[in-house]
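Heads up, the thing below is written out as structure tokens.
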Amino acid sequence: MSTHPPGTALPVIDLSLLAGTDQERDHLASALNDACLHTGFFYVSNHGIADELIAAVFRESRALFDLPTEQKEAIHKARSRANRGYEPLRGQTLEPGSPPDLKEGFYIGEELDESDPRVQAGRFNQGPNQWPEGLPAFQETMTKYFETMNDLSARIMEALALAIGLPRNYFDAFCHNPMSTLRLLHYPPQPPSPAPGEKGCGAHTDFGGVTILLLDDHPGLQVWDAANNRWINASPIPGTFVVNLGDMIARWTNDRYRSTLHRVVNTSGAERYSVPFFYSGNPDHEVTCLPACLAEGDQTHYPPTTVEAHLMEMYRRTYA
Ligand SMILES: O=C(O)CCC(=O)C(=O)O
Ligand SMILES: [Fe+2]
């Protein structure tokens with residue numbers, strides 16, 4: 001059961017159907033399967049996340065980026081072994097060969113102190129966060145949102161299991177102790193004469209499992225539509241999230257489902273804020289071609305791996 005609202009060619013998936021009748025769940029599975037076979041990008045509506053929490057996340061995010069530069073530099077990501085903290089404007093180049101991205105960001109993960117066995121063992125991206133000084137509601141708001149997004153991701157994984165034709169609880173073990181990253185982003189307006197190829201965020205695919213993207217009112221996100229050789233505008237739709245599949249799901253489904261190129265060009269003339277949440281599941285979980293995605297006579301495209309090994313490999317390729 002999906003619709004294509006004006007202003008975008010991407011479908012809207014009604015997540016409340018997951019808790020509906022068998023017939024409603026079948027509709028959900030079929031609409032989601034279609035979306036994942038095409039771009040792997042869709043909007044999710046009726047997700048049950050409170051407006052107040054979303055408003056608080058934007059308020060705290062704006063307050064963070066409004067801090068004086070020295071205060072942001074004091075929690076620079078380079079000071080963290082777990083990839084947490086502030087990334088300055090033009091600190092990342094997502095599209096090789098293009099100018100650096102016209103955005104600043106902030107990375108948050110599960111709060112694990114130095115005594116946690118995973119941190120002691122030097123596991124990938126596990127460790128404490130760096131929290132900003134002088135923003136009393138920041139940590140609590142972001143922690144609440146982080147946990148809420150983990151729960152929403154687990155529901156999306158249930159829907160995905162149904163879309164693939166698997167039992168609803170198929171991904172439960174994957175969703176146990178998940179590895180997730182919350183990223184706050186701030187895009188200044190694109191300058192009137194940008195450098196050639198300069199963008200808010202260069203064209204890239206996401207590495208992990210599913211991404212849940214919270215958008216403000218300003219357009220800018222574009223999704224590559226390979227079937228028609230064009231960029232689709234993924235303009236914000238109030239009350240929804242944009243969800244997309246990452247490279248790990250493409251790998252897991254033997255490329256039946258898509259991890260699609262996307263980019264941001266902030267021509268809105270205004271400051272743009274967005275909040276992607278990257279969900280990659282349990283680091284020890286095995287990612288081996290799903291038998292349901294291997295038609296007779298087909299070859300697997302990738303060797304088996306684990307969540308953690310896959311993520312480390314993708315980071316190495318991007319930041320090498
Ligand atoms: O800001 C956006 O709309 C997209 C951000 C994004 O694609 C990412 O952070 O991976
Ligand atoms: Fe992305």
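The way I read the labels, and the way they are meant: chains A, B, ... in the order of the structure tokens, residue 1 as the first residue of every chain, and ligand 1 as the first ligand shown, with later ones counted on from there.
For ligand 2, the neighbouring protein, DNA and RNA residues, which are those within 7 Å when only C-alpha atoms and all ligand atoms are counted, are A:His204, A:Thr205, A:Asp206, A:His262.
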Write a file of the selected residues as a short mmCIF file (atom, residue, chain, number, x, y, z; two decimals), in the first residue's frame, keeping N, CA and C atoms.
data_model
loop_
_atom_site.label_atom_id
_atom_site.label_comp_id
_atom_site.auth_asym_id
_atom_site.auth_seq_id
_atom_site.Cartn_x
_atom_site.Cartn_y
_atom_site.Cartn_z
N HIS A 204 27.16 9.21 -2.90
CA HIS A 204 27.70 8.05 -2.16
C HIS A 204 26.58 7.04 -1.90
N THR A 205 26.96 5.84 -1.51
CA THR A 205 25.98 4.90 -0.95
C THR A 205 26.30 4.77 0.53
N ASP A 206 25.32 4.36 1.34
CA ASP A 206 25.57 4.15 2.76
C ASP A 206 26.12 2.74 2.96
N HIS A 262 23.22 8.57 -3.59
CA HIS A 262 22.44 9.76 -3.27
C HIS A 262 23.40 10.89 -2.91
#
Would you list the contacts of Gly197 of chain A as an MDAnalysis selection string, taking every protein, DNA or RNA residue within 9 Å and counting only C-alpha atoms, but skipping same-chain residues closer than 4 positions in sequence? chainID A and resid 97:99 202
Include C-alpha atoms and write out the residues we just selected as an mmCIF file, in the first residue's frame.
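Saved to part_1.cif:
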data_model
loop_
_atom_site.group_PDB
_atom_site.id
_atom_site.type_symbol
_atom_site.label_atom_id
_atom_site.label_comp_id
_atom_site.auth_asym_id
_atom_site.auth_seq_id
_atom_site.Cartn_x
_atom_site.Cartn_y
_atom_site.Cartn_z
ATOM 1 C CA GLY A 97 37.311 13.790 -7.337
ATOM 2 C CA SER A 98 34.829 16.419 -6.111
ATOM 3 C CA PRO A 99 35.529 19.328 -3.738
ATOM 4 C CA GLY A 202 28.858 14.178 -2.593
#
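Backbone DSSP assigns alpha helix (DSSP H) in segment 210-290 of chain A to Asp247, Met248, Ile249, Ala250, Arg251 and Trp252 of chain A.
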Contacts of chain A with ligand 1 up to 10 Å, shortest pair per row, only C-alpha atoms and all ligand atoms, as a tab-separated table:
residue	atom	partner	partner_atom_place_in_ligand_line	distance
A:Leu94	CA	ligand 1	10 (O)	8.8
A:Lys103	CA	ligand 1	1 (O)	8.9
A:Gly105	CA	ligand 1	9 (O)	8.9
A:Leu182	CA	ligand 1	9 (O)	9.4
A:Arg183	CA	ligand 1	9 (O)	7.0
A:Leu184	CA	ligand 1	9 (O)	8.4
A:Leu185	CA	ligand 1	1 (O)	6.5
A:His186	CA	ligand 1	1 (O)	8.0
A:Tyr187	CA	ligand 1	1 (O)	7.9
A:Gly200	CA	ligand 1	1 (O)	7.9
A:Cys201	CA	ligand 1	5 (C)	6.8
A:Gly202	CA	ligand 1	7 (O)	8.6
A:Ala203	CA	ligand 1	7 (O)	8.2
A:His204	CA	ligand 1	7 (O)	7.3
A:Thr205	CA	ligand 1	10 (O)	7.3
A:Asp206	CA	ligand 1	10 (O)	5.7
A:Phe207	CA	ligand 1	10 (O)	8.7
A:Thr211	CA	ligand 1	10 (O)	7.9
A:Ile212	CA	ligand 1	6 (C)	9.7
A:Leu213	CA	ligand 1	3 (O)	6.9
A:Leu214	CA	ligand 1	3 (O)	7.8
A:Leu215	CA	ligand 1	3 (O)	6.4
A:Asp216	CA	ligand 1	3 (O)	9.0
A:His218	CA	ligand 1	3 (O)	9.4
A:Pro219	CA	ligand 1	3 (O)	8.2
A:Gly220	CA	ligand 1	3 (O)	6.7
A:Leu221	CA	ligand 1	3 (O)	4.7
A:Gln222	CA	ligand 1	3 (O)	8.0
A:Val223	CA	ligand 1	7 (O)	9.4
A:Ala234	CA	ligand 1	3 (O)	8.5
A:Ser235	CA	ligand 1	3 (O)	9.2
A:Pro236	CA	ligand 1	3 (O)	9.2
A:Val242	CA	ligand 1	3 (O)	8.7
A:Asn244	CA	ligand 1	7 (O)	9.3
A:Gly246	CA	ligand 1	10 (O)	9.6
A:Leu261	CA	ligand 1	7 (O)	8.8
A:His262	CA	ligand 1	7 (O)	6.3
A:Arg263	CA	ligand 1	7 (O)	6.1
A:Val264	CA	ligand 1	2 (C)	5.9
A:Val265	CA	ligand 1	3 (O)	9.0
A:Asn266	CA	ligand 1	1 (O)	9.3
A:Arg272	CA	ligand 1	1 (O)	8.2
A:Tyr273	CA	ligand 1	1 (O)	7.1
A:Ser274	CA	ligand 1	1 (O)	4.9
A:Val275	CA	ligand 1	1 (O)	6.8
A:Pro276	CA	ligand 1	9 (O)	5.6
A:Phe277	CA	ligand 1	9 (O)	8.2
A:Phe278	CA	ligand 1	10 (O)	8.2
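The smallest atom-to-atom distance between His176 of chain A and any of A:Asn150, A:Asn228, A:Asn282, A:Gln130, using only C-alpha atoms, is found for A:Asn282.
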Which of segment 40-268 of chain A end up as strand (DSSP E or B) when DSSP is run on this backbone - answer as a ChimeraX atom specification? /A:41-45,76,85-87,104-108,111,127,180-187,201-204,210-215,221-225,230-233,241-245,262-264
File dump, residues just selected, C-alpha atoms, as a short mmCIF file (atom, residue, chain, number, x, y, z; two decimals), in the first residue's frame:
data_model
loop_
_atom_site.label_atom_id
_atom_site.label_comp_id
_atom_site.auth_asym_id
_atom_site.auth_seq_id
_atom_site.Cartn_x
_atom_site.Cartn_y
_atom_site.Cartn_z
CA PHE A 41 14.75 4.47 -0.92
CA PHE A 42 11.28 5.13 0.51
CA TYR A 43 9.45 7.33 2.99
CA VAL A 44 8.04 5.80 6.17
CA SER A 45 4.82 7.25 7.60
CA HIS A 76 36.74 17.10 17.33
CA GLY A 85 32.38 14.01 17.92
CA TYR A 86 32.59 17.00 15.64
CA GLU A 87 33.54 17.04 11.97
CA GLU A 104 29.57 20.11 9.22
CA GLY A 105 28.61 17.10 11.30
CA PHE A 106 28.56 15.45 14.68
CA TYR A 107 28.76 11.69 15.40
CA ILE A 108 27.14 9.88 18.31
CA GLU A 111 27.75 5.24 25.19
CA GLY A 127 33.72 3.68 23.01
CA SER A 180 24.42 2.26 15.26
CA THR A 181 25.58 5.77 14.48
CA LEU A 182 23.57 8.93 14.86
CA ARG A 183 24.86 11.79 12.78
CA LEU A 184 23.80 15.43 13.02
CA LEU A 185 24.38 17.46 9.87
CA HIS A 186 24.28 21.16 9.06
CA TYR A 187 24.47 22.40 5.47
CA CYS A 201 27.19 15.94 0.32
CA GLY A 202 28.86 14.18 -2.59
CA ALA A 203 27.24 11.18 -4.29
CA HIS A 204 27.70 8.05 -2.16
CA VAL A 210 19.35 0.64 7.00
CA THR A 211 19.54 4.42 7.29
CA ILE A 212 16.68 6.39 8.83
CA LEU A 213 16.95 9.99 7.72
CA LEU A 214 15.17 12.84 9.46
CA LEU A 215 14.84 15.93 7.23
CA LEU A 221 18.47 15.29 -1.08
CA GLN A 222 18.64 13.60 -4.49
CA VAL A 223 18.51 9.88 -5.23
CA TRP A 224 19.93 8.24 -8.36
CA ASP A 225 17.29 6.55 -10.50
CA ARG A 230 18.19 10.80 -13.65
CA TRP A 231 18.31 12.23 -10.13
CA ILE A 232 15.03 12.05 -8.19
CA ASN A 233 14.35 14.81 -5.66
CA PHE A 241 11.40 9.66 7.60
CA VAL A 242 13.33 8.79 4.47
CA VAL A 243 14.65 5.25 4.80
CA ASN A 244 17.27 3.68 2.56
CA LEU A 245 19.13 0.40 2.38
CA HIS A 262 22.44 9.76 -3.27
CA ARG A 263 23.73 13.29 -2.69
CA VAL A 264 22.74 16.66 -1.26
#
Contacts of Leu311 of chain A at 10 Å or less, counting only C-alpha atoms, minus same-chain residues fewer than 4 places along, as a VMD selection string? chain A and resid 124 to 125 207 to 209 247 to 248 280 283 305 to 307 315 to 317
Please produce a file of the residues just selected, as a short mmCIF file (atom, residue, chain, number, x, y, z; two decimals), in the first residue's frame, where the atoms kept are C-alpha atoms.
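Here's the written file again_39.cif:
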data_model
loop_
_atom_site.label_atom_id
_atom_site.label_comp_id
_atom_site.auth_asym_id
_atom_site.auth_seq_id
_atom_site.Cartn_x
_atom_site.Cartn_y
_atom_site.Cartn_z
CA PHE A 124 35.51 -1.17 15.83
CA ASN A 125 33.86 2.19 16.62
CA PHE A 207 27.74 1.33 4.11
CA GLY A 208 25.58 -0.38 6.66
CA GLY A 209 22.14 -1.93 7.07
CA ASP A 247 25.58 -1.76 1.06
CA MET A 248 25.29 -4.50 3.68
CA SER A 280 24.06 -1.97 11.14
CA PRO A 283 28.73 -6.61 15.04
CA THR A 305 31.41 -11.81 6.25
CA THR A 306 30.30 -10.32 9.57
CA VAL A 307 28.73 -6.95 10.27
CA TYR A 315 35.57 2.50 6.12
CA ARG A 316 38.99 1.43 4.92
CA ARG A 317 37.98 1.83 1.29
#
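Going from atom CA of Arg256 of chain A to atom CA of Arg168 of chain A covers 18.8 Å.
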Kindly indicate which residue among A:Cys36, A:Ser115, A:Pro88, A:Ala227 lies nearest to Ile249 of chain A, using only C-alpha atoms for the distances. A:Cys36
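Distance check against Asp22 of chain A using only C-alpha atoms: of A:Ser268, A:Leu162, A:Ala74, A:Cys175, the minimum falls on A:Leu162.
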Shell of 8 Å around segment 132-145 of chain A, only C-alpha atoms, local chain residues under 5 positions omitted, as a PyMOL selection string: chain A and resi 53-54+56-57+60+63-64+71-72+75
Take the residues just selected and output them with C-alpha atoms as a tab-separated table (two decimals), in the first residue's frame.
chain	number	residue	atom	x	y	z
A	53	LEU	CA	11.26	14.35	20.36
A	54	ILE	CA	11.91	15.27	16.74
A	56	ALA	CA	14.00	18.60	20.47
A	57	VAL	CA	16.57	16.84	18.25
A	60	GLU	CA	19.71	20.69	20.18
A	63	ALA	CA	22.36	24.78	19.31
A	64	LEU	CA	25.40	22.54	18.84
A	71	GLN	CA	34.03	24.75	21.55
A	72	LYS	CA	33.25	22.49	18.61
A	75	ILE	CA	35.28	17.76	20.79
Can you tell me, as a ChimeraX atom specification, what residues are no more than 6 Å from Arg258 of chain A when counting only C-alpha atoms, ignoring any on the same chain fewer than 5 positions away? /A:39-40,250
Give the answer as one residue: which of A:Leu18, A:Leu89, A:Leu166, A:Leu28 has the shortest atom-to-atom distance to Leu102 of chain A, using only C-alpha atoms?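 Of the candidates, the smallest distance to Leu102 of chain A is held by A:Leu89.
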Would you pick out the contacts of Ala159 of chain A at 10 Å or less, using only C-alpha atoms, so that residues sharing its chain but fewer than 6 positions from it are not included, and give the list as a count of residues only? 17
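Proximity of A:Glu110, A:Arg118, A:Gln126, A:Ala292 to Asn83 of chain A, computed with only C-alpha atoms, is greatest for A:Gln126.
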